[in-house]
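Okay, run.pdb now, which holds PDB, C-alpha atoms:
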```pdb
ATOM      1  CA  MET C   1      63.139 -14.775   4.103
ATOM      2  CA  PHE C   2      60.815 -12.102   2.731
ATOM      3  CA  ASP C   3      61.389  -8.507   3.675
ATOM      4  CA  SER C   4      58.236  -7.280   5.438
ATOM      5  CA  TRP C   5      58.171  -3.906   3.659
ATOM      6  CA  ASN C   6      58.547  -5.515   0.234
ATOM      7  CA  LEU C   7      55.791  -7.951   1.154
ATOM      8  CA  CYS C   8      53.459  -5.075   2.025
ATOM      9  CA  SER C   9      54.383  -3.337  -1.225
ATOM     10  CA  ASP C  10      53.550  -6.470  -3.195
ATOM     11  CA  LEU C  11      50.187  -6.805  -1.475
ATOM     12  CA  PHE C  12      49.290  -3.207  -2.179
ATOM     13  CA  TYR C  13      50.421  -3.650  -5.761
ATOM     14  CA  TYR C  14      48.129  -6.606  -6.298
ATOM     15  CA  ARG C  15      45.255  -4.754  -4.686
ATOM     16  CA  GLY C  16      45.793  -1.848  -7.071
ATOM     17  CA  GLU C  17      46.143  -4.154 -10.047
ATOM     18  CA  ALA C  18      42.803  -5.735  -9.261
ATOM     19  CA  ASP C  19      41.200  -2.315  -8.962
ATOM     20  CA  HIS C  20      42.336  -1.245 -12.420
ATOM     21  CA  THR C  21      41.487  -4.368 -14.402
ATOM     22  CA  ASP C  22      38.453  -6.555 -14.800
ATOM     23  CA  GLU C  23      39.753  -8.882 -12.081
ATOM     24  CA  PRO C  24      37.525  -8.465  -9.014
ATOM     25  CA  PHE C  25      39.179  -7.487  -5.767
ATOM     26  CA  ARG C  26      37.694 -10.483  -3.950
ATOM     27  CA  GLN C  27      39.668 -12.847  -6.196
ATOM     28  CA  TRP C  28      42.901 -11.385  -4.837
ATOM     29  CA  TYR C  29      41.517 -11.167  -1.336
ATOM     30  CA  GLY C  30      40.881 -14.904  -1.485
ATOM     31  CA  LYS C  31      44.583 -15.497  -2.178
ATOM     32  CA  LEU C  32      45.733 -13.804   1.018
ATOM     33  CA  GLY C  33      44.898 -16.887   3.073
ATOM     34  CA  GLU C  34      47.327 -18.922   0.976
ATOM     35  CA  LEU C  35      50.035 -16.333   1.535
ATOM     36  CA  ARG C  36      49.382 -16.310   5.260
ATOM     37  CA  SER C  37      49.841 -20.082   5.400
ATOM     38  CA  ILE C  38      53.551 -19.749   4.598
ATOM     39  CA  LEU C  39      54.308 -16.504   6.457
ATOM     40  CA  GLU C  40      54.253 -15.734  10.157
ATOM     41  CA  TYR C  41      54.370 -11.953  10.007
ATOM     42  CA  PRO C  42      52.010 -10.022  12.286
ATOM     43  CA  VAL C  43      49.111  -8.611  10.294
ATOM     44  CA  LEU C  44      47.259  -5.338  10.738
ATOM     45  CA  LEU C  45      43.780  -5.393   9.216
ATOM     46  CA  LEU C  46      41.639  -2.284   8.865
ATOM     47  CA  THR C  47      37.992  -2.250   7.863
ATOM     48  CA  ALA C  48      35.236   0.322   8.022
ATOM     49  CA  THR C  49      32.569  -1.979   9.451
ATOM     50  CA  ALA C  50      32.655  -5.613  10.566
ATOM     51  CA  ASN C  51      30.146  -7.274  12.868
ATOM     52  CA  LYS C  52      30.852 -10.411  14.895
ATOM     53  CA  SER C  53      30.056 -12.875  12.109
ATOM     54  CA  ALA C  54      32.068 -10.869   9.567
ATOM     55  CA  ARG C  55      35.102 -10.859  11.861
ATOM     56  CA  LYS C  56      34.930 -14.642  12.210
ATOM     57  CA  LYS C  57      34.836 -15.020   8.429
ATOM     58  CA  ILE C  58      37.874 -12.766   8.049
ATOM     59  CA  GLU C  59      39.801 -14.773  10.657
ATOM     60  CA  TYR C  60      39.045 -18.006   8.842
ATOM     61  CA  LYS C  61      39.668 -16.640   5.358
ATOM     62  CA  LEU C  62      43.068 -15.206   6.241
ATOM     63  CA  GLY C  63      44.147 -17.977   8.585
ATOM     64  CA  LEU C  64      44.416 -15.654  11.577
ATOM     65  CA  LYS C  65      44.736 -16.699  15.202
ATOM     66  CA  ASN C  66      45.254 -15.010  18.567
ATOM     67  CA  CYS C  67      43.602 -11.873  17.222
ATOM     68  CA  PHE C  68      43.364  -8.645  19.161
ATOM     69  CA  TYR C  69      40.484  -6.376  18.206
ATOM     70  CA  HIS C  70      40.234  -2.636  18.559
ATOM     71  CA  ILE C  71      36.623  -1.837  17.713
ATOM     72  CA  SER C  72      35.182   1.640  17.438
ATOM     73  CA  ASN C  73      31.503   2.088  18.163
ATOM     74  CA  PRO C  74      29.787   2.522  14.755
ATOM     75  CA  GLU C  75      26.926   4.462  16.320
ATOM     76  CA  ARG C  76      25.787   7.640  14.573
ATOM     77  CA  GLU C  77      24.036   9.606  17.302
ATOM     78  CA  ASN C  78      22.468  12.121  14.917
ATOM     79  CA  ILE C  79      20.560   9.493  12.907
ATOM     80  CA  LYS C  80      17.146   8.393  14.146
ATOM     81  CA  LEU C  81      16.172   4.852  13.142
ATOM     82  CA  PHE C  82      12.777   3.794  11.798
ATOM     83  CA  VAL C  83      11.438   0.462  10.561
ATOM     84  CA  GLN C  84       8.187   0.009   8.655
ATOM     85  CA  LYS C  85       6.799  -3.248   7.316
ATOM     86  CA  VAL C  86       4.553  -2.964   4.262
ATOM     87  CA  LYS C  87       2.416  -5.476   2.404
ATOM     88  CA  SER C  88       4.165  -7.184  -0.494
ATOM     89  CA  THR C  89       1.073  -6.510  -2.620
ATOM     90  CA  LEU C  90       1.186  -2.749  -2.020
ATOM     91  CA  PRO C  91       1.980  -0.867  -5.267
ATOM     92  CA  LEU C  92       5.214   1.107  -5.348
ATOM     93  CA  GLU C  93       3.337   4.348  -5.978
ATOM     94  CA  ASP C  94       1.548   3.836  -2.656
ATOM     95  CA  ILE C  95       4.717   2.899  -0.783
ATOM     96  CA  PHE C  96       6.582   5.944  -2.080
ATOM     97  CA  HIS C  97       3.644   8.319  -2.222
ATOM     98  CA  PHE C  98       5.438  10.713   0.137
ATOM     99  CA  ILE C  99       8.406  10.906  -2.257
ATOM    100  CA  LEU C 100       6.096  11.697  -5.160
ATOM    101  CA  SER C 101       4.347  14.383  -3.108
ATOM    102  CA  LYS C 102       7.604  16.027  -2.035
ATOM    103  CA  LEU C 103       8.972  16.107  -5.571
ATOM    104  CA  LYS C 104       5.776  17.564  -7.004
ATOM    105  CA  GLN C 105       5.504  20.158  -4.266
ATOM    106  CA  HIS C 106       9.126  21.245  -3.869
ATOM    107  CA  GLN C 107      10.815  20.181  -7.135
ATOM    108  CA  HIS C 108      14.427  21.476  -7.070
ATOM    109  CA  LYS C 109      14.001  22.413  -3.401
ATOM    110  CA  CYS C 110      12.831  18.929  -2.450
ATOM    111  CA  PRO C 111      14.762  17.653   0.589
ATOM    112  CA  ARG C 112      17.444  15.346  -0.744
ATOM    113  CA  VAL C 113      16.887  11.622  -0.154
ATOM    114  CA  ILE C 114      18.631   8.425  -1.184
ATOM    115  CA  ILE C 115      16.703   5.168  -1.609
ATOM    116  CA  PHE C 116      18.848   2.040  -1.341
ATOM    117  CA  CYS C 117      17.578  -1.084  -3.106
ATOM    118  CA  THR C 118      18.779  -4.660  -2.829
ATOM    119  CA  SER C 119      19.028  -5.176  -6.597
ATOM    120  CA  ILE C 120      19.415  -3.300  -9.868
ATOM    121  CA  ASN C 121      16.045  -4.688 -10.929
ATOM    122  CA  THR C 122      14.314  -3.064  -7.952
ATOM    123  CA  CYS C 123      16.070   0.218  -8.722
ATOM    124  CA  GLY C 124      14.634   0.066 -12.217
ATOM    125  CA  GLN C 125      11.135  -0.668 -10.943
ATOM    126  CA  ILE C 126      11.150   2.351  -8.628
ATOM    127  CA  VAL C 127      12.559   4.647 -11.307
ATOM    128  CA  THR C 128       9.918   3.412 -13.764
ATOM    129  CA  MET C 129       7.181   4.076 -11.207
ATOM    130  CA  LEU C 130       8.488   7.598 -10.625
ATOM    131  CA  ARG C 131       8.693   8.255 -14.358
ATOM    132  CA  ILE C 132       5.063   7.196 -14.825
ATOM    133  CA  ASN C 133       3.816   9.392 -11.980
ATOM    134  CA  LEU C 134       6.009  12.450 -12.459
ATOM    135  CA  GLY C 135       6.376  15.042 -15.177
ATOM    136  CA  LYS C 136       9.233  17.533 -15.300
ATOM    137  CA  GLU C 137      10.046  16.619 -11.678
ATOM    138  CA  MET C 138      11.718  13.483 -13.056
ATOM    139  CA  ASP C 139      14.679  15.717 -13.915
ATOM    140  CA  TYR C 140      15.590  15.672 -10.219
ATOM    141  CA  VAL C 141      15.753  11.853 -10.029
ATOM    142  CA  GLN C 142      18.818   9.750 -10.826
ATOM    143  CA  MET C 143      19.833   6.100 -10.552
ATOM    144  CA  PHE C 144      23.190   4.714  -9.375
ATOM    145  CA  HIS C 145      24.353   1.096  -9.610
ATOM    146  CA  SER C 146      27.282  -0.997 -10.831
ATOM    147  CA  LYS C 147      26.086  -1.136 -14.448
ATOM    148  CA  ILE C 148      25.981   2.639 -14.820
ATOM    149  CA  THR C 149      28.920   3.926 -16.870
ATOM    150  CA  GLU C 150      31.814   5.473 -14.958
ATOM    151  CA  ASP C 151      31.253   8.863 -16.594
ATOM    152  CA  VAL C 152      27.672   8.966 -15.347
ATOM    153  CA  LYS C 153      28.754   7.773 -11.894
ATOM    154  CA  ASP C 154      31.300  10.586 -11.704
ATOM    155  CA  ASP C 155      28.665  13.137 -12.709
ATOM    156  CA  ILE C 156      26.315  11.836 -10.012
ATOM    157  CA  ARG C 157      29.042  11.894  -7.352
ATOM    158  CA  LYS C 158      30.008  15.463  -8.240
ATOM    159  CA  ASP C 159      26.388  16.595  -8.065
ATOM    160  CA  MET C 160      25.760  14.806  -4.767
ATOM    161  CA  GLU C 161      28.858  16.445  -3.292
ATOM    162  CA  LYS C 162      27.121  19.807  -3.722
ATOM    163  CA  GLU C 163      24.649  20.648  -0.992
ATOM    164  CA  ASP C 164      22.386  22.392  -3.513
ATOM    165  CA  GLY C 165      22.968  19.842  -6.277
ATOM    166  CA  HIS C 166      20.408  19.178  -8.996
ATOM    167  CA  ILE C 167      19.719  15.570  -7.937
ATOM    168  CA  ARG C 168      17.147  15.453  -5.139
ATOM    169  CA  VAL C 169      16.207  11.754  -5.183
ATOM    170  CA  LEU C 170      18.855   9.110  -5.821
ATOM    171  CA  ILE C 171      17.805   5.482  -6.324
ATOM    172  CA  ALA C 172      20.827   3.277  -5.686
ATOM    173  CA  THR C 173      22.226  -0.126  -4.863
ATOM    174  CA  SER C 174      25.064  -0.776  -2.417
ATOM    175  CA  ALA C 175      27.405   0.621  -5.089
ATOM    176  CA  ALA C 176      26.632   4.046  -3.601
ATOM    177  CA  GLY C 177      27.071   2.893  -0.014
ATOM    178  CA  MET C 178      30.832   3.277   0.405
ATOM    179  CA  GLY C 179      33.566   5.743  -0.413
ATOM    180  CA  VAL C 180      31.261   8.685  -1.079
ATOM    181  CA  ASN C 181      30.484  11.881   0.797
ATOM    182  CA  PHE C 182      27.020  13.113  -0.108
ATOM    183  CA  LYS C 183      26.185  16.590   1.154
ATOM    184  CA  GLY C 184      22.840  18.043   2.152
ATOM    185  CA  LEU C 185      21.529  14.504   2.645
ATOM    186  CA  TYR C 186      19.490  13.967   5.805
ATOM    187  CA  GLU C 187      17.113  11.181   4.858
ATOM    188  CA  VAL C 188      17.884   7.656   3.703
ATOM    189  CA  ILE C 189      15.438   4.879   2.872
ATOM    190  CA  ASN C 190      16.311   1.214   2.569
ATOM    191  CA  TYR C 191      13.700  -0.505   0.433
ATOM    192  CA  GLY C 192      14.280  -4.075   1.483
ATOM    193  CA  PRO C 193      16.747  -5.058   4.203
ATOM    194  CA  PRO C 194      20.443  -5.356   3.304
ATOM    195  CA  LYS C 195      21.815  -8.869   3.715
ATOM    196  CA  ASP C 196      23.719  -8.008   6.900
ATOM    197  CA  MET C 197      24.282  -5.300   9.491
ATOM    198  CA  ASP C 198      27.555  -4.155   7.940
ATOM    199  CA  ALA C 199      25.829  -3.218   4.690
ATOM    200  CA  PHE C 200      22.998  -1.553   6.611
ATOM    201  CA  VAL C 201      25.354   0.558   8.740
ATOM    202  CA  GLN C 202      27.334   1.572   5.658
ATOM    203  CA  GLN C 203      24.222   2.613   3.769
ATOM    204  CA  PHE C 204      22.324   4.596   6.370
ATOM    205  CA  GLY C 205      25.653   6.151   7.350
ATOM    206  CA  ARG C 206      25.536   8.180   4.124
ATOM    207  CA  VAL C 207      23.234  10.727   5.789
ATOM    208  CA  GLY C 208      24.004  13.447   8.287
ATOM    209  CA  ARG C 209      27.728  13.437   7.603
ATOM    210  CA  ASP C 210      27.905  17.012   8.877
ATOM    211  CA  GLY C 211      26.284  16.125  12.206
ATOM    212  CA  VAL C 212      22.817  17.464  11.363
ATOM    213  CA  GLN C 213      19.918  15.426  12.752
ATOM    214  CA  SER C 214      18.855  12.861  10.132
ATOM    215  CA  LYS C 215      16.471   9.956   9.566
ATOM    216  CA  ALA C 216      17.012   6.379   8.396
ATOM    217  CA  LEU C 217      13.910   4.444   7.363
ATOM    218  CA  LEU C 218      13.954   0.735   6.569
ATOM    219  CA  LEU C 219      10.913  -0.261   4.491
ATOM    220  CA  TYR C 220      10.414  -3.952   3.854
ATOM    221  CA  ASN C 221       7.960  -6.748   3.200
ATOM    222  CA  GLY C 222       8.155 -10.370   4.289
ATOM    223  CA  LYS C 223       9.303 -11.633   0.889
ATOM    224  CA  GLN C 224      12.432  -9.484   1.080
ATOM    225  CA  CYS C 225      13.756 -11.178   4.238
ATOM    226  CA  LYS C 226      14.736 -14.580   2.849
ATOM    227  CA  ASN C 227      18.446 -13.954   2.333
ATOM    228  CA  VAL C 228      19.356 -11.789   5.311
ATOM    229  CA  ASP C 229      21.573 -12.944   8.176
ATOM    230  CA  SER C 230      20.472 -13.643  11.751
ATOM    231  CA  ASP C 231      21.424 -10.190  13.064
ATOM    232  CA  MET C 232      19.346  -8.509  10.383
ATOM    233  CA  LYS C 233      16.386 -10.799  11.052
ATOM    234  CA  ALA C 234      16.576  -9.995  14.759
ATOM    235  CA  TYR C 235      16.609  -6.281  13.953
ATOM    236  CA  LEU C 236      13.538  -6.588  11.736
ATOM    237  CA  SER C 237      11.513  -8.791  14.090
ATOM    238  CA  ASN C 238      12.166  -6.581  17.113
ATOM    239  CA  VAL C 239       9.126  -4.539  18.141
ATOM    240  CA  HIS C 240       9.848  -3.788  21.809
ATOM    241  CA  LEU C 241      13.562  -3.119  22.361
ATOM    242  CA  CYS C 242      15.500  -0.022  21.341
ATOM    243  CA  ARG C 243      16.465  -0.453  17.684
ATOM    244  CA  ARG C 244      19.822   1.204  18.240
ATOM    245  CA  LYS C 245      20.658  -1.232  21.030
ATOM    246  CA  CYS C 246      19.578  -4.159  18.863
ATOM    247  CA  LEU C 247      21.773  -2.934  16.012
ATOM    248  CA  LEU C 248      24.852  -2.264  18.139
ATOM    249  CA  GLU C 249      24.753  -5.689  19.783
ATOM    250  CA  ALA C 250      26.239  -7.013  16.545
ATOM    251  CA  TYR C 251      29.325  -4.884  17.298
ATOM    252  CA  ASN C 252      29.558  -5.488  21.054
ATOM    253  CA  ALA C 253      28.679  -1.819  21.536
ATOM    254  CA  GLN C 254      26.127   0.140  23.511
ATOM    255  CA  PRO C 255      24.037   3.145  22.437
ATOM    256  CA  SER C 256      24.929   6.556  23.792
ATOM    257  CA  VAL C 257      21.783   8.453  22.763
ATOM    258  CA  THR C 258      19.891   9.391  25.920
ATOM    259  CA  VAL C 259      17.026  11.463  24.481
ATOM    260  CA  LYS C 260      14.405   8.892  23.543
ATOM    261  CA  HIS C 261      12.688  10.848  20.764
ATOM    262  CA  MET C 262      16.034  11.175  18.948
ATOM    263  CA  CYS C 263      16.904   7.478  19.158
ATOM    264  CA  CYS C 264      14.412   5.329  17.239
ATOM    265  CA  ASP C 265      10.705   4.910  16.557
ATOM    266  CA  ILE C 266      10.312   2.454  19.444
ATOM    267  CA  CYS C 267      11.976   4.717  22.005
ATOM    268  CA  SER C 268       9.924   7.664  20.716
ATOM    269  CA  LYS C 269       6.753   5.980  21.939
ATOM    270  CA  GLU C 270       8.152   6.015  25.467
ATOM    271  CA  CYS C 271       9.256   9.651  25.345
ATOM    272  CA  ALA C 272       7.291  12.188  27.362
ATOM    273  CA  CYS C 273       9.790  15.040  27.467
ATOM    274  CA  GLY C 274       7.389  17.600  26.027
ATOM    275  CA  GLU C 275      10.086  19.178  23.855
ATOM    276  CA  PRO C 276       8.950  20.602  20.467
ATOM    277  CA  GLU C 277      11.304  18.216  18.636
ATOM    278  CA  CYS C 278       9.507  15.280  20.194
ATOM    279  CA  ASP C 279       6.740  15.556  17.597
ATOM    280  CA  THR C 280       8.768  16.741  14.607
ATOM    281  CA  LEU C 281      11.167  13.792  14.357
ATOM    282  CA  SER C 282       8.475  11.481  13.014
ATOM    283  CA  SER C 283       8.899   8.664  10.526
ATOM    284  CA  PRO C 284       9.118   9.704   6.867
ATOM    285  CA  TYR C 285       6.570   6.979   6.189
ATOM    286  CA  SER C 286       4.049   8.647   8.508
ATOM    287  CA  GLU C 287       4.114  11.492   5.991
ATOM    288  CA  ASN C 288       2.928   8.906   3.463
ATOM    289  CA  VAL C 289      -0.312   8.330   5.339
ATOM    290  CA  ALA C 290      -0.826  12.048   5.862
ATOM    291  CA  SER C 291      -0.197  12.953   2.223
ATOM    292  CA  GLN C 292      -2.443  10.168   0.947
ATOM    293  CA  SER C 293      -5.208  11.238   3.337
ATOM    294  CA  SER C 294      -4.782  14.820   2.162
ATOM    295  CA  ASP C 295      -5.089  13.759  -1.480
ATOM    296  CA  MET C 296      -8.208  11.752  -0.679
ATOM    297  CA  SER C 297      -9.732  14.715   1.159
ATOM    298  CA  GLU C 298      -9.022  17.008  -1.788
ATOM    299  CA  THR C 299     -10.598  14.495  -4.162
ATOM    300  CA  GLU C 300     -13.655  14.166  -1.940
ATOM    301  CA  SER C 301     -13.946  17.953  -1.735
ATOM    302  CA  GLU C 302     -13.743  18.237  -5.514
ATOM    303  CA  ASN C 303     -16.360  15.525  -5.917
ATOM    304  CA  SER C 304     -18.623  17.244  -3.406
ATOM    305  CA  ALA C 305     -18.203  20.561  -5.173
ATOM    306  CA  THR C 306     -18.928  18.971  -8.540
ATOM    307  CA  GLY C 307     -21.994  17.253  -7.155
ATOM    308  CA  SER C 308     -23.225  20.521  -5.693
ATOM    309  CA  ASP C 309     -22.798  22.293  -9.025
ATOM    310  CA  VAL C 310     -24.739  19.567 -10.799
ATOM    311  CA  ASP C 311     -27.553  19.793  -8.277
ATOM    312  CA  GLN C 312     -27.769  23.536  -8.763
ATOM    313  CA  MET C 313     -27.912  23.127 -12.512
TER     314      MET C 313
END
```
I need this file expressed as structure tokens, please.
Amino acid sequence: MFDSWNLCSDLFYYRGEADHTDEPFRQWYGKLGELRSILEYPVLLLTATANKSARKKIEYKLGLKNCFYHISNPERENIKLFVQKVKSTLPLEDIFHFILSKLKQHQHKCPRVIIFCTSINTCGQIVTMLRINLGKEMDYVQMFHSKITEDVKDDIRKDMEKEDGHIRVLIATSAAGMGVNFKGLYEVINYGPPKDMDAFVQQFGRVGRDGVQSKALLLYNGKQCKNVDSDMKAYLSNVHLCRRKCLLEAYNAQPSVTVKHMCCDICSKECACGEPECDTLSSPYSENVASQSSDMSETESENSATGSDVDQM
């Protein structure tokens, strides 16, 4: 008969071995079901986030039965949720016009933001777009994904752990969604929906770690929704119900935010509290429309002035 402590030690050893070699952790995780088939020890499983479908997969994978769950509500009360659908034909410079404007205007004092992408390729496309449209402001932009060297990743993590760090806009994949503590970060954008709610909760949970009011914007187009699960599709298609309630249903939880303008963009429309904050907690994407309109007005003014000068001449 195996000694339970030695068994735990062996499991932790294999986990560590996988972490320090090229063997992926999931390969070892897949072996745990085989081990469970010959052992009847009680098992304690801990995970940061697991919705209903994820829990069922874990039960099946590890051969678990008669499970007892202790689930903590994953709600982050200080994060307001926004969703914005955009046309798939809309150029990236138009979609992220508000990011370009902020960087050009504020440079090293630009409010820090992280943009999560669903692929390394998309990360590259956004970074390329920023490089084309920015000058020296590009110094405040960095990219983080699994193919980045560990030295560069460490440098990025260290910078992002400083509230006044040099990096102001971080373009990242899910590689930056876990095990990090970014400071001075109060705005997160998902460009394209994550494949499931767990990934979404992990990613937008990077902001407001110090309790400061923050914003989470999910930008997407129809073509990006092909490979998402049913919970994520329900979240995206919802246009009437509280987004927070829709999200938390995947975790058998209920929202605790009572002030509508601090909850989500849908609840904001129903808020009539009259508080000053009611108008300030707007969608980051609404700034896009405003900044583009401002640029157009400036261009029109310049054209009018030029035309006037020509007439006078």
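Taking atom CA of C:Leu241 and atom CA of C:Lys226 as endpoints, the distance between them is 22.7 Å.
Interatomic distance, atom CA of C:Met138 against atom CA of C:Ser101: 12.4 Å.
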For the provided coordinates, the residues matched by the PyMOL selection byres ((chain C and resi 113) around 8) should be stated as JSON, numbers by chain. {"C": [111, 112, 114, 115, 168, 169, 170, 185, 186, 187, 188, 189]}
Edge lengths and centre in Å, axis-aligned, stretch 263-279 of chain C plus 6 Å each side, as JSON:
```
{"center_x": 11.8, "center_y": 11.5, "center_z": 22.0, "size_x": 22.2, "size_y": 30.1, "size_z": 22.9}
```
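Going from atom CA of C:Tyr251 to atom CA of C:Gly222 covers 25.4 Å.
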Evaluating the PyMOL selection byres ((chain C and resi 214-221) around 8) on the displayed file yields which residues, as an MDAnalysis selection string? chainID C and resid 78:88 186:193 204 207:208 212:213 222:225 283:285
What's around C:Gln125 at 12 Å? Count all atoms listed in the file, leave out sequence neighbours fewer than 5 positions away in its own chain, and write the answer as a PyMOL selection string. chain C and resi 91-93+96+117-120+130-132+143+171-172+191
Using the selection just defined, write its residues with C-alpha atoms as a PDB file, in the frame of the given file.
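This went into selection_4.pdb:
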```
ATOM      1  CA  PRO C  91       1.980  -0.867  -5.267  1.00  0.00           C
ATOM      2  CA  LEU C  92       5.214   1.107  -5.348  1.00  0.00           C
ATOM      3  CA  GLU C  93       3.337   4.348  -5.978  1.00  0.00           C
ATOM      4  CA  PHE C  96       6.582   5.944  -2.080  1.00  0.00           C
ATOM      5  CA  CYS C 117      17.578  -1.084  -3.106  1.00  0.00           C
ATOM      6  CA  THR C 118      18.779  -4.660  -2.829  1.00  0.00           C
ATOM      7  CA  SER C 119      19.028  -5.176  -6.597  1.00  0.00           C
ATOM      8  CA  ILE C 120      19.415  -3.300  -9.868  1.00  0.00           C
ATOM      9  CA  LEU C 130       8.488   7.598 -10.625  1.00  0.00           C
ATOM     10  CA  ARG C 131       8.693   8.255 -14.358  1.00  0.00           C
ATOM     11  CA  ILE C 132       5.063   7.196 -14.825  1.00  0.00           C
ATOM     12  CA  MET C 143      19.833   6.100 -10.552  1.00  0.00           C
ATOM     13  CA  ILE C 171      17.805   5.482  -6.324  1.00  0.00           C
ATOM     14  CA  ALA C 172      20.827   3.277  -5.686  1.00  0.00           C
ATOM     15  CA  TYR C 191      13.700  -0.505   0.433  1.00  0.00           C
TER      16      TYR C 191
END
```
List as a tab-separated table (two decimals) with C-alpha atoms, in the frame of the given file the protein and nucleic acid residues near C:Asp159, meaning an atom at most 12 Å away when only C-alpha atoms are counted, but skip any in the same chain fewer than 2 places from it.
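out31.tsv written:
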```tsv
chain	number	residue	atom	x	y	z
C	112	ARG	CA	17.44	15.35	-0.74
C	140	TYR	CA	15.59	15.67	-10.22
C	141	VAL	CA	15.75	11.85	-10.03
C	142	GLN	CA	18.82	9.75	-10.83
C	152	VAL	CA	27.67	8.97	-15.35
C	153	LYS	CA	28.75	7.77	-11.89
C	154	ASP	CA	31.30	10.59	-11.70
C	155	ASP	CA	28.66	13.14	-12.71
C	156	ILE	CA	26.32	11.84	-10.01
C	157	ARG	CA	29.04	11.89	-7.35
C	161	GLU	CA	28.86	16.44	-3.29
C	162	LYS	CA	27.12	19.81	-3.72
C	163	GLU	CA	24.65	20.65	-0.99
C	164	ASP	CA	22.39	22.39	-3.51
C	165	GLY	CA	22.97	19.84	-6.28
C	166	HIS	CA	20.41	19.18	-9.00
C	167	ILE	CA	19.72	15.57	-7.94
C	168	ARG	CA	17.15	15.45	-5.14
C	169	VAL	CA	16.21	11.75	-5.18
C	170	LEU	CA	18.86	9.11	-5.82
C	180	VAL	CA	31.26	8.68	-1.08
C	181	ASN	CA	30.48	11.88	0.80
C	182	PHE	CA	27.02	13.11	-0.11
C	183	LYS	CA	26.18	16.59	1.15
C	184	GLY	CA	22.84	18.04	2.15
C	185	LEU	CA	21.53	14.50	2.64
```
List the neighbours of C:Arg244 out to 12 Å using all atoms listed in the file; skip same-chain residues closer than 6 positions along the sequence, and give me the result as an MDAnalysis selection string. chainID C and resid 73:83 197 201 216 235:236 238 250:251 253:258 260 262:267
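Between C:Ala54 and the residues C:Ala199, C:Val239, C:Ala234, C:Ile38, the shortest atom-to-atom distance, using all atoms listed in the file, involves C:Ala199.
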Measuring atom to atom with all atoms listed in the file, identify which of C:Asn133, C:Asn252, C:Asn66, C:Ser37 is nearest to C:Ile99. C:Asn133
